[in-house]
Structures are given as structure tokens and as C-alpha cells.
file run28.csv (CSV, C-alpha atoms)
chain,number,residue,atom,x,y,z
A,157,MET,CA,0.4,-1.0,-2.6
A,158,LYS,CA,1.7,-2.2,-5.9
A,159,ASN,CA,3.1,-5.6,-6.2
A,160,LEU,CA,3.2,-9.2,-5.1
A,161,ARG,CA,6.9,-9.1,-4.4
A,162,ASN,CA,7.1,-6.1,-2.2
A,163,TYR,CA,3.6,-6.2,-0.7
A,164,ALA,CA,2.5,-3.3,1.2
A,165,PHE,CA,1.5,-4.8,4.4
A,166,SER,CA,3.5,-7.4,6.4
A,167,GLY,CA,1.0,-10.3,6.4
A,168,LEU,CA,2.3,-12.0,9.5
A,169,ALA,CA,2.8,-8.8,11.5
A,170,ILE,CA,-0.6,-7.2,10.9
A,171,LEU,CA,-2.4,-10.2,12.1
A,172,SER,CA,-0.7,-10.1,15.5
A,173,LEU,CA,-2.6,-7.2,17.1
A,174,LEU,CA,-1.4,-6.4,20.6
A,175,PHE,CA,-3.4,-4.1,22.7
A,176,THR,CA,-1.9,-2.3,25.7
A,177,SER,CA,-3.9,0.3,27.5
A,178,CYS,CA,-2.1,3.6,28.0
A,179,ASN,CA,-4.3,4.0,31.1
A,180,LYS,CA,-3.4,1.1,33.3
A,181,GLU,CA,-5.9,2.0,36.0
A,182,GLU,CA,-8.8,1.3,33.6
A,183,ASP,CA,-9.6,-2.1,32.1
A,184,ILE,CA,-11.8,-1.4,29.1
A,185,LYS,CA,-12.9,-4.5,27.3
A,186,VAL,CA,-12.4,-4.3,23.6
A,187,ASP,CA,-13.4,-6.9,21.0
A,188,GLN,CA,-10.0,-8.0,19.9
A,189,GLU,CA,-11.4,-10.9,17.8
A,190,LEU,CA,-13.3,-8.5,15.6
A,191,LEU,CA,-10.3,-6.1,15.4
A,192,ALA,CA,-8.0,-8.9,14.4
A,193,ALA,CA,-10.5,-10.3,11.8
A,194,ASN,CA,-11.0,-6.8,10.3
A,195,ALA,CA,-7.2,-6.5,10.0
A,196,GLN,CA,-6.9,-9.8,8.3
A,197,ILE,CA,-9.7,-8.9,5.9
A,198,ASP,CA,-8.2,-5.5,5.0
A,199,PHE,CA,-4.8,-7.2,4.5
A,200,GLY,CA,-6.2,-9.7,2.1
A,201,ASN,CA,-8.2,-7.1,0.1
A,202,GLU,CA,-5.1,-4.9,-0.3
A,203,LEU,CA,-2.9,-7.9,-1.2
A,204,ASP,CA,-5.3,-8.9,-4.0
A,205,PHE,CA,-5.4,-5.4,-5.3
A,206,ASN,CA,-1.7,-5.5,-5.6
A,207,ALA,CA,-2.0,-8.8,-7.5
A,208,GLY,CA,-4.5,-7.2,-9.9
A,209,VAL,CA,-2.3,-4.2,-10.6
A,210,ASP,CA,0.7,-6.3,-11.1
A,211,VAL,CA,-1.1,-8.5,-13.6
A,212,ALA,CA,-2.3,-5.4,-15.5
A,213,ASN,CA,1.2,-3.8,-15.5
A,214,GLU,CA,3.0,-6.8,-16.6
A,215,ASN,CA,0.6,-7.8,-19.3
A,216,SER,CA,-0.2,-4.5,-21.1
A,217,SER,CA,-3.7,-4.2,-19.4
A,218,TYR,CA,-3.0,-1.2,-17.2
A,219,SER,CA,-3.0,1.4,-20.0
A,220,SER,CA,-2.6,1.7,-23.7
A,221,ARG,CA,0.8,3.2,-23.5
A,222,ASN,CA,3.9,1.1,-24.2
A,223,ASN,CA,4.8,-0.6,-20.9
A,224,SER,CA,7.5,-2.9,-22.2
A,225,THR,CA,9.9,-1.4,-19.7
A,226,PHE,CA,7.9,-2.5,-16.7
A,227,GLU,CA,9.7,-5.0,-14.4
A,228,SER,CA,8.2,-8.4,-13.7
A,229,LEU,CA,7.4,-8.2,-10.0
A,230,SER,CA,5.3,-11.3,-9.4
A,231,PRO,CA,6.7,-14.0,-7.2
A,232,THR,CA,8.2,-16.8,-9.2
A,233,CYS,CA,6.1,-19.3,-7.3
A,234,ALA,CA,2.9,-17.9,-8.8
A,235,THR,CA,1.8,-18.9,-12.3
A,236,VAL,CA,-0.1,-16.4,-14.3
A,237,THR,CA,-2.1,-17.3,-17.4
A,238,VAL,CA,-4.5,-15.4,-19.6
A,239,ASP,CA,-7.4,-16.5,-21.8
A,240,ASN,CA,-6.8,-13.8,-24.5
A,241,ASN,CA,-3.3,-12.7,-25.5
A,242,THR,CA,-4.3,-10.3,-28.2
A,243,PRO,CA,-3.1,-6.8,-27.3
A,244,GLY,CA,-5.9,-4.2,-26.8
A,245,VAL,CA,-8.7,-6.8,-26.9
A,246,PHE,CA,-10.9,-7.1,-23.9
A,247,PRO,CA,-12.2,-8.6,-21.7
A,248,LYS,CA,-9.2,-10.4,-20.5
A,249,VAL,CA,-9.3,-13.0,-17.7
A,250,PHE,CA,-6.0,-13.7,-15.9
A,251,THR,CA,-5.6,-16.7,-13.6
A,252,VAL,CA,-3.1,-16.3,-10.8
A,253,ASP,CA,-2.3,-19.7,-9.3
A,254,PHE,CA,-0.3,-19.9,-6.1
A,255,GLY,CA,-0.3,-23.7,-6.1
A,256,THR,CA,-0.3,-25.5,-2.8
A,257,GLY,CA,2.0,-22.9,-1.2
A,258,CYS,CA,3.7,-19.8,-2.5
A,259,LEU,CA,5.8,-18.1,0.2
A,260,HIS,CA,7.2,-14.7,-0.5
A,261,ASN,CA,8.2,-11.9,1.8
A,262,GLY,CA,6.7,-13.7,4.7
A,263,ILE,CA,3.3,-14.1,3.1
A,264,LEU,CA,2.1,-17.6,2.3
A,265,ARG,CA,-0.6,-18.0,-0.3
A,266,SER,CA,-2.2,-21.0,-1.9
A,267,GLY,CA,-5.0,-21.5,-4.3
A,268,ILE,CA,-6.3,-19.4,-7.2
A,269,ILE,CA,-7.6,-15.9,-7.9
A,270,THR,CA,-8.9,-14.7,-11.2
A,271,VAL,CA,-8.6,-11.1,-12.4
A,272,THR,CA,-10.9,-9.9,-15.2
A,273,PHE,CA,-10.4,-6.6,-17.0
A,274,SER,CA,-13.2,-5.1,-19.1
A,275,ASN,CA,-10.8,-2.6,-20.6
A,276,TYR,CA,-7.5,-1.0,-19.7
A,277,PHE,CA,-7.5,-0.5,-15.9
A,278,ILE,CA,-6.7,3.2,-16.2
A,279,GLU,CA,-9.6,3.9,-18.6
A,280,TYR,CA,-12.8,5.6,-17.3
A,281,GLY,CA,-15.6,3.1,-16.9
A,282,SER,CA,-13.4,0.1,-16.9
A,283,THR,CA,-13.6,-2.6,-14.2
A,284,MET,CA,-11.2,-4.9,-12.6
A,285,THR,CA,-12.9,-7.9,-11.0
A,286,ILE,CA,-11.0,-10.1,-8.6
A,287,THR,CA,-12.6,-13.4,-7.8
A,288,ARG,CA,-11.3,-15.8,-5.1
A,289,SER,CA,-11.5,-19.5,-5.7
A,290,ASN,CA,-12.9,-21.8,-3.0
A,291,ASN,CA,-9.4,-22.9,-2.2
A,292,TYR,CA,-7.7,-19.5,-1.8
A,293,TYR,CA,-5.7,-19.0,1.5
A,294,VAL,CA,-3.5,-16.2,2.8
A,295,ASN,CA,-1.3,-17.2,5.8
A,296,GLY,CA,-3.5,-20.2,6.4
A,297,ARG,CA,-6.7,-18.2,6.5
A,298,LYS,CA,-9.3,-18.9,3.8
A,299,LEU,CA,-10.6,-15.8,1.9
A,300,GLU,CA,-13.6,-15.8,-0.3
A,301,GLY,CA,-15.6,-13.2,-2.2
A,302,THR,CA,-15.5,-10.8,-5.1
A,303,ILE,CA,-13.9,-7.4,-5.4
A,304,VAL,CA,-14.8,-5.0,-8.2
A,305,TYR,CA,-12.8,-1.8,-8.9
A,306,GLU,CA,-14.7,0.6,-11.2
A,307,ASN,CA,-12.7,3.4,-12.8
A,308,ILE,CA,-14.5,6.7,-12.1
A,309,THR,CA,-11.6,9.0,-13.0
A,310,THR,CA,-12.4,12.6,-13.9
A,311,ASN,CA,-8.8,13.9,-13.8
A,312,THR,CA,-6.4,11.7,-15.6
A,313,SER,CA,-3.5,12.8,-13.4
A,314,ILE,CA,-5.4,11.4,-10.4
A,315,PRO,CA,-6.9,8.0,-11.3
A,316,LYS,CA,-9.8,7.0,-9.1
A,317,TRP,CA,-11.8,3.8,-8.5
A,318,ASN,CA,-14.9,2.7,-6.5
A,319,ARG,CA,-14.2,-0.6,-4.8
A,320,THR,CA,-17.1,-2.9,-3.9
A,321,VAL,CA,-16.6,-6.1,-1.9
A,322,THR,CA,-19.4,-8.7,-2.0
A,323,ASN,CA,-19.9,-12.2,-0.5
A,324,GLY,CA,-16.7,-11.8,1.5
A,325,LYS,CA,-15.8,-14.5,3.9
A,326,LEU,CA,-12.8,-15.1,6.2
A,327,THR,CA,-12.2,-18.5,7.8
A,328,THR,CA,-9.7,-18.1,10.6
A,329,LEU,CA,-7.1,-20.6,11.8
A,330,THR,CA,-9.5,-21.8,14.5
A,331,GLY,CA,-12.3,-22.3,11.9
A,332,ALA,CA,-14.4,-19.3,12.9
A,333,ILE,CA,-16.1,-17.8,9.9
A,334,TYR,CA,-16.5,-14.0,9.5
A,335,THR,CA,-18.5,-12.4,6.6
A,336,PHE,CA,-17.8,-9.0,5.2
A,337,PHE,CA,-18.9,-6.5,2.5
A,338,GLY,CA,-18.5,-2.8,1.8
A,339,THR,CA,-17.4,-0.1,-0.5
A,340,ARG,CA,-14.4,2.4,-0.6
A,341,THR,CA,-13.2,5.1,-2.9
A,342,VAL,CA,-9.5,4.9,-3.8
A,343,GLN,CA,-7.3,7.3,-5.8
A,344,GLN,CA,-3.7,7.3,-6.9
A,345,THR,CA,-1.9,10.5,-6.1
A,346,GLU,CA,1.8,9.8,-6.9
A,347,GLY,CA,3.6,7.7,-9.5
A,348,VAL,CA,0.9,8.1,-12.1
A,349,GLY,CA,3.2,9.3,-14.9
A,350,THR,CA,6.1,6.9,-14.3
A,351,LEU,CA,6.8,3.4,-15.5
A,352,THR,CA,8.1,2.2,-12.2
A,353,LEU,CA,5.9,0.5,-9.5
A,354,GLY,CA,7.7,1.6,-6.4
A,355,ASP,CA,6.7,5.3,-6.3
A,356,ASN,CA,3.0,5.0,-6.2
A,357,THR,CA,0.9,6.4,-3.4
A,358,TYR,CA,-2.8,5.5,-2.9
A,359,GLU,CA,-5.4,7.3,-0.8
A,360,VAL,CA,-8.6,5.7,0.5
A,361,LEU,CA,-10.9,8.7,0.6
A,362,SER,CA,-14.1,7.3,2.0
A,363,GLY,CA,-16.2,4.2,2.5
A,364,ASN,CA,-17.8,1.7,4.9
A,365,HIS,CA,-17.2,-2.0,5.7
A,366,THR,CA,-19.2,-4.3,7.8
A,367,VAL,CA,-17.7,-7.4,9.4
A,368,THR,CA,-19.9,-10.0,11.1
A,369,LYS,CA,-18.8,-12.5,13.7
A,370,PRO,CA,-20.0,-16.1,13.9
A,371,SER,CA,-22.1,-15.0,16.8
A,372,GLY,CA,-23.9,-12.4,14.7
A,373,ASN,CA,-22.2,-9.4,16.3
A,374,THR,CA,-21.0,-6.8,13.8
A,375,LEU,CA,-18.3,-4.2,13.3
A,376,THR,CA,-18.9,-1.2,11.2
A,377,VAL,CA,-15.7,0.4,9.9
A,378,THR,CA,-15.9,3.9,8.4
A,379,VAL,CA,-13.1,6.0,6.9
A,380,VAL,CA,-13.2,9.4,8.7
A,381,GLN,CA,-9.7,10.7,7.7
A,382,THR,CA,-8.1,9.7,4.3
A,383,LEU,CA,-5.9,6.7,4.6
A,384,ILE,CA,-2.4,7.0,3.1
A,385,LYS,CA,-0.7,4.0,1.7
A,386,LYS,CA,2.7,4.3,0.1
A,387,TYR,CA,4.0,1.5,-2.0
A,388,SER,CA,7.5,1.9,-0.4
A,389,CYS,CA,6.1,1.3,3.1
A,390,ASN,CA,4.7,-1.9,4.5
A,391,TYR,CA,1.9,-0.2,6.4
A,392,ILE,CA,-0.8,2.4,6.1
A,393,SER,CA,1.0,5.5,7.4
A,394,GLN,CA,-1.7,8.0,8.1
A,395,GLY,CA,-5.5,8.3,8.4
A,396,GLN,CA,-8.3,7.3,10.7
A,397,LEU,CA,-11.1,4.7,10.8
A,398,ASN,CA,-14.2,4.9,13.0
A,399,LEU,CA,-14.9,1.5,14.6
A,400,GLN,CA,-18.4,0.7,15.9
A,401,GLY,CA,-19.2,-2.8,17.2
A,402,SER,CA,-19.3,-5.2,20.1
A,403,PHE,CA,-17.3,-3.5,22.8
A,404,LEU,CA,-15.9,-1.1,20.2
A,405,ASP,CA,-16.7,2.6,20.0
A,406,GLY,CA,-13.7,4.7,18.9
A,407,ILE,CA,-11.0,5.7,16.4
A,408,LEU,CA,-8.2,3.7,14.9
A,409,ASP,CA,-5.4,6.2,14.0
A,410,TYR,CA,-2.5,5.2,11.8
A,411,GLY,CA,-0.3,8.2,12.8
A,412,ASP,CA,1.5,11.1,11.2
A,413,ASN,CA,2.6,9.6,7.9
A,414,THR,CA,5.7,8.1,9.4
A,415,CYS,CA,6.4,4.6,8.0
A,416,ASP,CA,6.1,2.3,11.0
A,417,ASN,CA,4.0,-0.5,12.4
A,418,GLN,CA,2.3,1.6,15.1
A,419,ALA,CA,-1.3,2.7,15.4
A,420,THR,CA,-3.6,3.6,18.3
A,421,TYR,CA,-7.2,2.8,19.1
A,422,THR,CA,-8.9,5.4,21.2
A,423,HIS,CA,-12.1,4.3,23.0
A,424,SER,CA,-15.0,6.7,23.4
A,425,ASP,CA,-14.2,7.3,27.0
A,426,GLY,CA,-10.7,8.4,26.1
A,427,THR,CA,-8.8,5.3,26.9
A,428,VAL,CA,-6.0,4.7,24.4
A,429,TYR,CA,-4.6,1.4,23.3
A,430,ASN,CA,-1.3,1.0,21.4
A,431,ILE,CA,-1.5,-1.4,18.5
A,432,ASN,CA,1.4,-3.1,16.9
A,433,LEU,CA,0.3,-3.8,13.3

call {"tool": "encode", "arguments": {"input": "run28.csv", "output": "C-alpha cells"}}
result
Amino acid sequence: MKNLRNYAFSGLAILSLLFTSCNKEEDIKVDQELLAANAQIDFGNELDFNAGVDVANENSSYSSRNNSTFESLSPTCATVTVDNNTPGVFPKVFTVDFGTGCLHNGILRSGIITVTFSNYFIEYGSTMTITRSNNYYVNGRKLEGTIVYENITTNTSIPKWNRTVTNGKLTTLTGAIYTFFGTRTVQQTEGVGTLTLGDNTYEVLSGNHTVTKPSGNTLTVTVVQTLIKKYSCNYISQGQLNLQGSFLDGILDYGDNTCDNQATYTHSDGTVYNINL
């Protein structure tokens, strides 16, 4: 979950959710539209987290240590500018401009996000605020809203943040508008002491999200087993989410920590659906 160049999820792949019942004798209706929208929203949120961390690492805003050996990992088609170049002086507001179309690793982005740091990202009490402009698109889907990461670290070897998403909005390819909001707690468990970006592992410990369809039907997503996201893998490789919504009442399981694009949704009656992320 580290950088723009090797983004952790495959944007095109995760949006093509394919559901196949493992029990062919039962036809359980599941709300695939809400599931797909939720996948797109999570994908966008994680993508923008990567953008923020990349900006921090490449512009001496991650920590006060000398990071001159960090590689530049942002795609060349994105332009990054900052309002304040003075080292150690905050706040800093970075503008990441993807122009009219920035294609990298199968992910097409356009428009602008801003990333504001109140202090070094790794410092207790600091915040990283990601704001999407009104022309920001990921794979043709418009994303809006604000994401704030507040550093709540108590053990410096395990950085931890509270993430709050507000005023979230997803406009799909068909023009349907989904709104979303929620909080999650995230910590970094590997790669903390290194200057490389590829060895990081993040864990989503807890949290709830709410996604609302244009019809008003909602999906509530709750972390019930810690989600594992390795930077070196394109997918969440372990953990479970509880899904409650229109025609949804079950568990989304990402597997046994194997890096693959497979997950399963188990409905409350025991029917299992295989999901290709």
C-alpha cells in the first residue's frame, strides 16, 4: 500500500466482481451493485493513501530523519507541487495533478487531489488530509470527499492512524451516485525502520463504513478480522468484513494471507460465493 507506481490493488481487476454460487441448487440474490460500489470506494481510498505516503516520503514530510535515499516512485504523468518548500516547516500543502489522463499500471486517473500535512506524518498528533477536487476520476469513476489520517501512535515501532472519511461520493460509469463515510484504524507492522517503500505491511484493525445507493438502500461494512495489506501484493491477502445491507448479510473473507485475487462472500444461510477481485 505504498506508492503510485506499484499500487496495491489492481484498479481494473477489483472493479469486476464476479459472483458464482458454490451451491448451484440455491439462487440467493445478493446486491452486486452495492458490493461493486463498495469495492470501487475502498480501492480509491487506498489509492489516495498511497499517493499521500508517496508525497510524504519523496518530499521529506514523512519523518524528520534524512530520507534523501528514498526513490522517486510517483508516475511521471503526475505533477506534484508544494506551497512551502522550507524543510521542517508545516503545514505543507501538496497538489497532485493527474492532468486530463494519467495512466499507470492499468490505473487511469485525472484531476487533482491535495495532500496537507500538519507535521511529519510519523509524528504523534499529526494529520494528513487528502482532499479530492471536483474533477478527480479513477478509472472513469468520479470520486469526491475528504480523508483525514490522524497519527495516534503510542509505540514508535508500530505507527498507527485513525482514518476518517467524510462527504464521500462515487459517481459510477452509468452516472449512479453513491455516498459514503466512515472510520478505520490502520497500523504499519513491517518496513517501519527501512528507507525502502516495498517492504511495508499495513493492518486495518477495526472500523465501520456506510455506503448508500441512489435508492437510499445502505450497506454497512465492519472489520471483524484484521485486514492484511502487503505493499508487495496487489490485493488484501487476509481478513474479514461483515456486510449488512440490501440482500446482504454475511462475511467477505480475503483468505489465508496468500497473495491472490480471490475472496469469498458467505451469506448468512451458508451459501458461498467466489469473488474474483

call {"tool": "closest_residue", "arguments": {"input": "run28.csv", "among": "A:Thr427, A:Asn291, A:Thr368, A:Thr374", "to": "Ile333 (chain A)", "atoms": "all atoms listed in the file"}}
result
A:Thr368

call {"tool": "closest_residue", "arguments": {"input": "run28.csv", "among": "A:Gln381, A:Asn201, A:Thr350, A:Ser266", "to": "Val304 (chain A)", "atoms": "only C-alpha atoms"}}
result
A:Asn201

call {"tool": "closest_residue", "arguments": {"input": "run28.csv", "among": "A:Tyr387, A:Ser393, A:Thr414, A:Val377", "to": "Asn194 (chain A)", "atoms": "all atoms listed in the file"}}
result
A:Val377

call {"tool": "residues_around", "arguments": {"input": "run28.csv", "residues": "Lys185 (chain A)", "least_positions_apart": "3", "cutoff": "9 Å", "atoms": "all atoms listed in the file", "output": "number ranges by chain"}}
result
A: 188, 403-404

call {"tool": "atom_distance", "arguments": {"input": "run28.csv", "atom1": "CA of Thr378 (chain A)", "atom2": "CA of Leu399 (chain A)"}}
result
6.7 Å

call {"tool": "atom_distance", "arguments": {"input": "run28.csv", "atom1": "CA of Arg288 (chain A)", "atom2": "CA of Gly255 (chain A)"}}
result
13.6 Å

call {"tool": "decode", "arguments": {"input": "run28.csv", "residues": "region 311-396 of chain A", "atoms": "C-alpha atoms", "output": "tab-separated table (two decimals), in the first residue's frame"}}
result
chain	number	residue	atom	x	y	z
A	311	ASN	CA	4.66	2.65	20.14
A	312	THR	CA	7.01	4.23	17.60
A	313	SER	CA	7.86	0.83	16.13
A	314	ILE	CA	4.20	0.39	15.15
A	315	PRO	CA	2.85	3.66	13.69
A	316	LYS	CA	-0.92	3.93	13.93
A	317	TRP	CA	-3.56	6.25	12.47
A	318	ASN	CA	-7.28	6.86	12.74
A	319	ARG	CA	-8.78	7.37	9.30
A	320	THR	CA	-11.98	9.37	8.86
A	321	VAL	CA	-13.77	9.70	5.53
A	322	THR	CA	-16.36	12.47	5.18
A	323	ASN	CA	-18.58	13.73	2.36
A	324	GLY	CA	-17.58	10.77	0.21
A	325	LYS	CA	-19.25	10.40	-3.16
A	326	LEU	CA	-18.75	7.93	-6.00
A	327	THR	CA	-20.25	8.53	-9.44
A	328	THR	CA	-20.20	5.32	-11.47
A	329	LEU	CA	-19.77	4.89	-15.21
A	330	THR	CA	-23.56	4.87	-15.60
A	331	GLY	CA	-23.96	8.10	-13.60
A	332	ALA	CA	-25.29	6.49	-10.42
A	333	ILE	CA	-24.19	8.37	-7.30
A	334	TYR	CA	-23.23	6.54	-4.10
A	335	THR	CA	-22.38	8.40	-0.90
A	336	PHE	CA	-20.09	7.05	1.80
A	337	PHE	CA	-18.45	7.85	5.11
A	338	GLY	CA	-16.73	6.00	7.93
A	339	THR	CA	-13.70	5.45	10.14
A	340	ARG	CA	-10.97	2.83	10.33
A	341	THR	CA	-7.87	2.30	12.44
A	342	VAL	CA	-4.71	1.47	10.49
A	343	GLN	CA	-1.24	0.49	11.66
A	344	GLN	CA	2.06	-0.29	9.97
A	345	THR	CA	3.64	-3.53	11.19
A	346	GLU	CA	6.56	-4.06	8.78
A	347	GLY	CA	9.02	-1.81	6.99
A	348	VAL	CA	8.97	0.91	9.64
A	349	GLY	CA	12.72	1.08	10.08
A	350	THR	CA	13.75	0.90	6.44
A	351	LEU	CA	14.18	3.54	3.75
A	352	THR	CA	12.56	1.41	1.08
A	353	LEU	CA	8.88	1.50	0.21
A	354	GLY	CA	8.35	-2.07	-0.94
A	355	ASP	CA	8.59	-3.89	2.39
A	356	ASN	CA	5.74	-2.21	4.23
A	357	THR	CA	2.76	-4.10	5.58
A	358	TYR	CA	-0.34	-2.35	6.86
A	359	GLU	CA	-3.12	-3.75	9.01
A	360	VAL	CA	-6.66	-2.39	9.19
A	361	LEU	CA	-7.62	-3.22	12.76
A	362	SER	CA	-11.18	-2.01	13.08
A	363	GLY	CA	-13.78	0.37	11.73
A	364	ASN	CA	-17.11	0.84	10.01
A	365	HIS	CA	-18.11	2.27	6.64
A	366	THR	CA	-21.55	3.11	5.32
A	367	VAL	CA	-22.31	3.20	1.60
A	368	THR	CA	-25.68	4.49	0.36
A	369	LYS	CA	-27.22	3.72	-3.03
A	370	PRO	CA	-29.15	6.28	-5.09
A	371	SER	CA	-32.32	4.45	-3.99
A	372	GLY	CA	-31.46	5.08	-0.35
A	373	ASN	CA	-30.54	1.48	0.46
A	374	THR	CA	-27.38	1.22	2.52
A	375	LEU	CA	-24.50	-1.15	3.10
A	376	THR	CA	-22.73	-1.25	6.45
A	377	VAL	CA	-19.19	-2.65	6.29
A	378	THR	CA	-17.46	-3.63	9.53
A	379	VAL	CA	-13.96	-5.02	10.03
A	380	VAL	CA	-14.35	-8.23	12.03
A	381	GLN	CA	-10.90	-9.74	11.38
A	382	THR	CA	-7.80	-7.61	10.80
A	383	LEU	CA	-7.20	-6.88	7.13
A	384	ILE	CA	-3.63	-7.51	5.93
A	385	LYS	CA	-2.31	-5.44	3.05
A	386	LYS	CA	1.26	-6.06	1.88
A	387	TYR	CA	2.81	-3.46	-0.34
A	388	SER	CA	4.33	-6.22	-2.46
A	389	CYS	CA	0.90	-7.70	-3.21
A	390	ASN	CA	-1.81	-6.16	-5.37
A	391	TYR	CA	-4.60	-7.31	-3.06
A	392	ILE	CA	-5.67	-7.52	0.55
A	393	SER	CA	-4.47	-11.00	1.40
A	394	GLN	CA	-6.21	-11.76	4.68
A	395	GLY	CA	-9.01	-10.57	6.94
A	396	GLN	CA	-12.78	-10.38	7.04
